[in-house]
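One structure is given below, encoded as structure tokens.
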Amino acid sequence: MIQLPETAVLEITARCNHRCFFCSCPWEKNSFVIKEELDFRTWCKILDFLQRNGVKHVTFTGGEVTMRKDLFDLLDYAFEKKISFGVISNGLCIDDIFLERYSYYHKTLSISVPGIKTFAFHTGIDNIENVLKIFDKCCELNIPSVANIVVTKKNISELYENIAYPILHGANYILLNRFLPGGRGEMNTEYLLSKEEINTMLDVAEDVLSKAGISGHVGTELPLCVIKNPGNYHYLHVSTKCGAAKKFMAISPDGYVRACNHSPEKLCKWNEIETLKTNVTWNRYVKSEFIPQMCSACENLGECDGGCREAARVCFGDIGSKDPCFYF
């Protein structure tokens, strides 16, 4: 039996009510086609299958999860099965009624906050006031909440406020992701961060988190050699190792397994998962056979995978290519 990662990212819908220019969902490119979304019963089968095969946590995401009318049916099912889960949303359709119902689970709710003044620029929707109210209500209802912040050239100048505002409104944790090409984001590479801006992102985040006394982490791994002062971060965990196929995997709205939620490559259908044993891409991830040539002699190779492997593929055609931060 194949060893699956402990976490599965379940993309239960491709539909979304935002038009974020940084969206990395691969179906936002014409080459990645979603012909149909799986129905409720099939997602329940997937949850059962994953639980039987060692997956301990699932993240419900999309697209935008609230576009599914049966979202709470799926959450109820996972809860009854004692499956650990969290939900990621842009918050546009979340109101007090939603939060009152969600509070029953006492599970983490992650909300996208890609800017304060620049919220509408990034998403196409001016919804920052409602998003901050969501954090207020989560605090009131004891719902663990995470602010998901994608950092771009457009919002880095307000990053201090972008992190501080959700915390002041009750966010318990901060997840930072540097903008990386993929999906619709491939058309907006002018907003990618430079190496200097990446270090600014890290320093600003550590400053805010240390003052607030809460933790956060950078989700999209960074090359260790790009980080100027890696020992300076105590409240911010900076990822330098790729977890795709080892710590997590993704399942598309139409039921295809992918090594990473950023990946455009469908490896197999969920019910054919045993074929991953001989899948070349899956095994390259599992065995970390993707180290860029420029990194092959690095003394930090055991601590670093050379940056985001899927961003490298999107930009340069292979998961063994250089991270785009070395080019932009």
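The way I read the labels, and the way they are meant: chains A, B, ... in the order of the structure tokens, residue 1 as the first residue of every chain, and ligand 1 as the first ligand shown, with later ones counted on from there.
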**Q.** Test item, alpha helix (DSSP H) assignment across region 104-260 of chain A, answer as a ChimeraX atom specification
**A.** /A:119-123,128-141,159-168,195-212
Q: Would you kindly return, as a ChimeraX atom specification, each protein, DNA or RNA residue with an atom no farther than 9 Å from any atom of Asn271 (chain A), considering only C-alpha atoms and excluding same-chain residues fewer than 6 positions away?
A: /A:46,49,255-256
Q: Can you pull out every residue within 10 Å of Lys29 (chain A), counting only C-alpha atoms, but drop anything in the same chain fewer than 6 positions away, and send it as a list of chain:residue names?
A: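 Those residues are A:Gly182, A:Gly183, A:Arg184, A:Gly185, A:Glu186, A:Met187, A:Pro264.
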Emit the selected residues as a PDB file, in the first residue's frame, including all heavy atoms.
```pdb
ATOM      1  N   GLY A 182       1.748  30.942 -11.727  1.00  0.00           N
ATOM      2  CA  GLY A 182       0.923  29.746 -11.832  1.00  0.00           C
ATOM      3  C   GLY A 182      -0.495  30.199 -12.056  1.00  0.00           C
ATOM      4  O   GLY A 182      -0.906  31.260 -11.579  1.00  0.00           O
ATOM      5  N   GLY A 183      -1.279  29.439 -12.809  1.00  0.00           N
ATOM      6  CA  GLY A 183      -2.643  29.850 -13.069  1.00  0.00           C
ATOM      7  C   GLY A 183      -2.707  31.227 -13.700  1.00  0.00           C
ATOM      8  O   GLY A 183      -1.952  31.566 -14.608  1.00  0.00           O
ATOM      9  N   ARG A 184      -3.608  32.078 -13.182  1.00  0.00           N
ATOM     10  CA  ARG A 184      -3.729  33.444 -13.686  1.00  0.00           C
ATOM     11  C   ARG A 184      -2.477  34.259 -13.380  1.00  0.00           C
ATOM     12  O   ARG A 184      -2.145  35.210 -14.082  1.00  0.00           O
ATOM     13  CB  ARG A 184      -4.961  34.115 -13.082  1.00  0.00           C
ATOM     14  CG  ARG A 184      -5.363  35.414 -13.788  1.00  0.00           C
ATOM     15  CD  ARG A 184      -6.579  36.069 -13.150  1.00  0.00           C
ATOM     16  NE  ARG A 184      -7.693  35.155 -13.082  1.00  0.00           N
ATOM     17  CZ  ARG A 184      -8.276  34.772 -11.941  1.00  0.00           C
ATOM     18  NH1 ARG A 184      -7.840  35.230 -10.796  1.00  0.00           N
ATOM     19  NH2 ARG A 184      -9.289  33.941 -11.950  1.00  0.00           N
ATOM     20  N   GLY A 185      -1.765  33.861 -12.341  1.00  0.00           N
ATOM     21  CA  GLY A 185      -0.561  34.581 -11.959  1.00  0.00           C
ATOM     22  C   GLY A 185       0.535  34.564 -13.000  1.00  0.00           C
ATOM     23  O   GLY A 185       1.422  35.429 -12.992  1.00  0.00           O
ATOM     24  N   GLU A 186       0.488  33.603 -13.920  1.00  0.00           N
ATOM     25  CA  GLU A 186       1.513  33.546 -14.969  1.00  0.00           C
ATOM     26  C   GLU A 186       1.464  34.772 -15.878  1.00  0.00           C
ATOM     27  O   GLU A 186       2.448  35.087 -16.548  1.00  0.00           O
ATOM     28  CB  GLU A 186       1.337  32.279 -15.799  1.00  0.00           C
ATOM     29  CG  GLU A 186       1.736  31.003 -15.076  1.00  0.00           C
ATOM     30  CD  GLU A 186       1.696  29.806 -15.994  1.00  0.00           C
ATOM     31  OE1 GLU A 186       2.307  29.859 -17.079  1.00  0.00           O
ATOM     32  OE2 GLU A 186       1.044  28.812 -15.624  1.00  0.00           O
ATOM     33  N   MET A 187       0.330  35.434 -15.888  1.00  0.00           N
ATOM     34  CA  MET A 187       0.189  36.613 -16.742  1.00  0.00           C
ATOM     35  C   MET A 187       0.583  37.902 -16.022  1.00  0.00           C
ATOM     36  O   MET A 187       0.480  38.986 -16.588  1.00  0.00           O
ATOM     37  CB  MET A 187      -1.253  36.715 -17.245  1.00  0.00           C
ATOM     38  CG  MET A 187      -1.696  35.527 -18.095  1.00  0.00           C
ATOM     39  SD  MET A 187      -3.443  35.616 -18.578  1.00  0.00           S
ATOM     40  CE  MET A 187      -4.249  35.160 -17.042  1.00  0.00           C
ATOM     41  N   PRO A 264       0.320  21.917 -12.110  1.00  0.00           N
ATOM     42  CA  PRO A 264      -0.671  21.713 -13.166  1.00  0.00           C
ATOM     43  C   PRO A 264      -0.764  20.256 -13.620  1.00  0.00           C
ATOM     44  O   PRO A 264      -1.599  19.933 -14.466  1.00  0.00           O
ATOM     45  CB  PRO A 264      -0.125  22.585 -14.311  1.00  0.00           C
ATOM     46  CG  PRO A 264       1.356  22.521 -14.133  1.00  0.00           C
ATOM     47  CD  PRO A 264       1.590  22.451 -12.651  1.00  0.00           C
TER      48      PRO A 264
END
```
Q: Tell me which protein, DNA and RNA residues are within 8 Å of Arg15 (chain A), counting only C-alpha atoms, leaving out same-chain ones fewer than 6 positions away, and put them as a PyMOL selection string.
A: chain A and resi 62-64+67
Q: Can you list, as a PyMOL selection string, all residues belonging to region 43-211 of chain A that DSSP tags as strand (DSSP E or B)?
A: chain A and resi 57-61+84-89+109-112+145-151+173-178
Store the residues of this selection in a file with N, CA and C atoms, as a CSV table (one decimal), in the first residue's frame.
```
chain,number,residue,atom,x,y,z
A,57,HIS,N,-5.2,14.9,8.2
A,57,HIS,CA,-5.8,16.2,8.1
A,57,HIS,C,-6.1,16.6,6.7
A,58,VAL,N,-7.3,17.3,6.5
A,58,VAL,CA,-7.7,17.7,5.2
A,58,VAL,C,-7.9,19.2,5.3
A,59,THR,N,-7.6,19.9,4.2
A,59,THR,CA,-8.0,21.3,4.1
A,59,THR,C,-9.0,21.5,2.9
A,60,PHE,N,-10.1,22.1,3.2
A,60,PHE,CA,-11.1,22.3,2.2
A,60,PHE,C,-10.9,23.7,1.6
A,61,THR,N,-10.7,23.7,0.3
A,61,THR,CA,-10.4,24.9,-0.4
A,61,THR,C,-11.0,24.9,-1.8
A,84,SER,N,-9.6,15.5,11.1
A,84,SER,CA,-9.1,16.9,11.4
A,84,SER,C,-9.2,17.7,10.1
A,85,PHE,N,-9.7,18.9,10.1
A,85,PHE,CA,-9.9,19.7,8.9
A,85,PHE,C,-9.8,21.2,9.2
A,86,GLY,N,-9.5,21.9,8.2
A,86,GLY,CA,-9.6,23.4,8.2
A,86,GLY,C,-10.2,23.9,6.9
A,87,VAL,N,-10.6,25.1,6.8
A,87,VAL,CA,-11.2,25.7,5.7
A,87,VAL,C,-10.5,27.0,5.3
A,88,ILE,N,-10.3,27.1,4.0
A,88,ILE,CA,-9.7,28.4,3.4
A,88,ILE,C,-10.7,29.1,2.6
A,89,SER,N,-10.9,30.4,2.8
A,89,SER,CA,-11.9,31.1,2.1
A,89,SER,C,-11.4,32.5,1.8
A,109,LEU,N,-10.3,28.5,10.6
A,109,LEU,CA,-10.8,29.2,9.4
A,109,LEU,C,-9.7,30.1,8.9
A,110,SER,N,-9.2,29.9,7.7
A,110,SER,CA,-8.2,30.8,7.1
A,110,SER,C,-8.9,31.7,6.1
A,111,ILE,N,-8.6,33.0,6.2
A,111,ILE,CA,-9.2,34.0,5.3
A,111,ILE,C,-8.1,34.8,4.6
A,112,SER,N,-8.3,35.0,3.3
A,112,SER,CA,-7.3,35.7,2.5
A,112,SER,C,-7.4,37.2,2.7
A,145,SER,N,-8.4,31.4,13.9
A,145,SER,CA,-8.4,32.1,12.6
A,145,SER,C,-7.0,32.4,12.1
A,146,VAL,N,-6.8,32.3,10.8
A,146,VAL,CA,-5.5,32.5,10.1
A,146,VAL,C,-5.7,33.6,9.1
A,147,ALA,N,-4.8,34.5,9.0
A,147,ALA,CA,-4.8,35.5,7.9
A,147,ALA,C,-3.8,35.0,6.9
A,148,ASN,N,-4.3,34.7,5.7
A,148,ASN,CA,-3.5,34.3,4.5
A,148,ASN,C,-3.1,35.5,3.7
A,149,ILE,N,-1.8,35.8,3.6
A,149,ILE,CA,-1.3,37.0,3.0
A,149,ILE,C,-0.4,36.6,1.8
A,150,VAL,N,-0.8,36.9,0.6
A,150,VAL,CA,0.1,36.7,-0.5
A,150,VAL,C,0.8,38.0,-0.7
A,151,VAL,N,2.1,38.0,-0.7
A,151,VAL,CA,2.9,39.2,-0.8
A,151,VAL,C,3.4,39.5,-2.2
A,173,TYR,N,-3.0,33.6,13.8
A,173,TYR,CA,-1.8,33.1,13.1
A,173,TYR,C,-1.7,33.8,11.8
A,174,ILE,N,-0.5,33.9,11.2
A,174,ILE,CA,-0.3,34.5,9.9
A,174,ILE,C,0.4,33.5,9.0
A,175,LEU,N,-0.2,33.4,7.8
A,175,LEU,CA,0.5,32.6,6.8
A,175,LEU,C,0.9,33.5,5.6
A,176,LEU,N,2.2,33.6,5.4
A,176,LEU,CA,2.7,34.4,4.3
A,176,LEU,C,3.0,33.5,3.1
A,177,ASN,N,2.7,34.0,1.9
A,177,ASN,CA,3.1,33.3,0.7
A,177,ASN,C,3.6,34.4,-0.2
A,178,ARG,N,4.8,34.3,-0.7
A,178,ARG,CA,5.2,35.2,-1.7
A,178,ARG,C,4.5,34.9,-3.0
```
(Q) If we count only C-alpha atoms and set the cut-off at 7 Å, which residues sit around region 191-193 of chain A, ignoring sequence neighbours fewer than 3 positions away in its own chain? Please answer as a list in words. (A) Thr152, Lys153, Lys154, Phe179, Leu180, Asn188, Glu197, Ile198 and Phe328 of chain A
Q) What gap, in Å, lies between CA of Thr240 (chain A) and CA of Cys304 (chain A)? A) 5.0 Å
